[in-house]
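K.L.:
Okay, handing you the structure first.
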Amino acid sequence: MIFRTRIATPADYPAFARSFTQLRVPDPVPTAATFAERFLPHVVMLVDEGEAPVGYASWRFYGRTAHVVHVVVDPLVQQRGGGRALMSEVRERVAAEACTRWYLNVKQDNA
């Protein structure tokens, strides 16, 4: 499967909200307004060959350090390079902002 990444827009909110539930966190799904105000423009969408969103990654900046907050890939397309594509895109974007460090926290049960 071939994936492509692109910067998210407010129109991606439904796909973001669907994917957010896969994080298995107690936090409520952010509203569309919160997505637009607090997440964008630091979200990239993972899209399949038909341009359907199948995941996303988001990050925040803390000075010259970037924290990759979420990396979510639809279970139907996992283990096919989508996570790698998202991380590669995030790496390029944070490097372009002169970040010298980046990190991602991962749950212990995340194989």
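Identifiers in the structure tokens: chain A, B, ... in order shown; residue index from 1 per chain; ligand index from 1 in order shown.
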Going by DSSP on the backbone, which residues of chain A come out as strand (DSSP E or B)? List them as number ranges by chain.
P.N.:
A: 4-7, 43-47, 53-62, 65-73, 101-104
K.L.:
Could you tell me which of A:Lys107, A:Arg80, A:Arg64, A:Ala57 comes closest to A:Val25 if we count only C-alpha atoms?
P.N.:
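The shortest atom-to-atom distance to A:Val25 comes from A:Lys107.
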K.L.:
Counting only C-alpha atoms, which residue out of A:Ala32, A:Val71, A:Ile7, A:Leu23 sits closest to A:Met45?
P.N.:
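Between A:Ala32, A:Val71, A:Ile7, A:Leu23, the residue approaching A:Met45 most closely is A:Ile7.
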K.L.:
Excluding stretch 95-98 of chain A and its own-chain neighbours fewer than 3 positions away, which residues fall within 10 Å of it when counting only C-alpha atoms? Please give them as a list of chain:residue names.
P.N.:
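Within the cut-off, the hits are A:Phe61, A:Gly63, A:Arg64, A:Thr65, A:Ala66, A:Glu89, A:Val90, A:Arg91, A:Glu92, A:Arg101, A:Trp102.
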K.L.:
Name the closest residue to A:Val47 among the candidates A:Val94, A:Met1, A:Ala11, A:Val29; distances are taken between atoms, counting only C-alpha atoms.
P.N.:
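Checking each of A:Val94, A:Met1, A:Ala11, A:Val29 against A:Val47, counting only C-alpha atoms, the winner is A:Met1.
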K.L.:
So the first atom is atom CA of A:Glu49 and the second is atom CA of A:Asn105; what is the distance between them in Å, to one decimal place?
P.N.:
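We find that atom CA of A:Glu49 and atom CA of A:Asn105 lie 29.1 Å from each other.
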K.L.:
Could you check which of A:Phe39, A:Pro26, A:Thr21, A:Thr34 is closest to A:Val72, using only C-alpha atoms?
P.N.:
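That would be A:Thr21, the residue with the smallest distance to A:Val72.
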K.L.:
So, with only C-alpha atoms as the atoms that count, which of A:Arg38, A:Arg18, A:His67, A:Arg84 lies closest to A:Thr100?
P.N.:
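Smallest separation from A:Thr100 among the options: A:His67.
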K.L.:
Can you tell me, as a PyMOL selection string, what residues are no more than 8 Å from A:Val73 when counting only C-alpha atoms, ignoring any on the same chain fewer than 3 positions away?
P.N.:
chain A and resi 19+46+54-56+77-78+82-83
K.L.:
What does the distance from atom CA of A:Leu40 to atom CA of A:Arg24 come to in Å, to one decimal?
P.N.:
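Separating atom CA of A:Leu40 from atom CA of A:Arg24 is a distance of 21.5 Å.
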K.L.:
Any chance you could list, as a compact mmCIF listing (two decimals) with C-alpha atoms, in the first residue's frame, the residues in stretch 1-107 of chain A that come up helix (DSSP H, G or I) when DSSP is run on the backbone?
P.N.:
```txt
# COMPACT_ATOMS: atom_id res chain seq x y z
CA PRO A 10 -10.27 22.07 9.45
CA ALA A 11 -12.14 19.83 6.97
CA ASP A 12 -10.14 16.87 8.33
CA TYR A 13 -11.82 17.10 11.72
CA PRO A 14 -14.14 14.08 11.22
CA ALA A 15 -11.18 11.82 10.33
CA PHE A 16 -9.15 13.26 13.23
CA ALA A 17 -12.02 12.62 15.68
CA ARG A 18 -12.46 9.05 14.41
CA SER A 19 -8.76 8.34 14.78
CA PHE A 20 -8.48 10.08 18.16
CA THR A 21 -10.68 7.41 19.75
CA GLN A 22 -8.04 4.80 18.85
CA LEU A 23 -5.61 6.40 21.31
CA ALA A 32 -13.85 20.86 15.90
CA ALA A 33 -13.09 24.33 17.28
CA THR A 34 -10.35 22.97 19.55
CA PHE A 35 -8.90 20.98 16.65
CA ALA A 36 -8.71 24.14 14.53
CA GLU A 37 -7.43 26.41 17.30
CA ARG A 38 -5.02 24.18 19.23
CA PHE A 39 -3.92 21.38 16.93
CA PRO A 75 -5.93 -0.71 12.40
CA LEU A 76 -6.97 -1.86 8.92
CA VAL A 77 -3.73 -0.48 7.43
CA GLY A 82 1.94 4.34 7.62
CA GLY A 83 3.49 5.11 10.99
CA ARG A 84 6.89 5.39 9.36
CA ALA A 85 5.49 7.78 6.75
CA LEU A 86 3.93 9.96 9.46
CA MET A 87 7.09 10.07 11.57
CA SER A 88 9.21 10.89 8.53
CA GLU A 89 6.92 13.80 7.65
CA VAL A 90 6.91 15.09 11.22
CA ARG A 91 10.71 14.86 11.31
CA GLU A 92 10.99 16.97 8.17
CA ARG A 93 8.54 19.57 9.46
CA VAL A 94 10.11 19.98 12.89
CA ALA A 95 13.61 20.11 11.39
CA ALA A 96 12.41 22.89 9.09
```
K.L.:
Report, in Å with one decimal, the straight-line distance from atom CA of A:Arg60 to atom CA of A:His42.
P.N.:
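Interatomic distance here is 6.9 Å.
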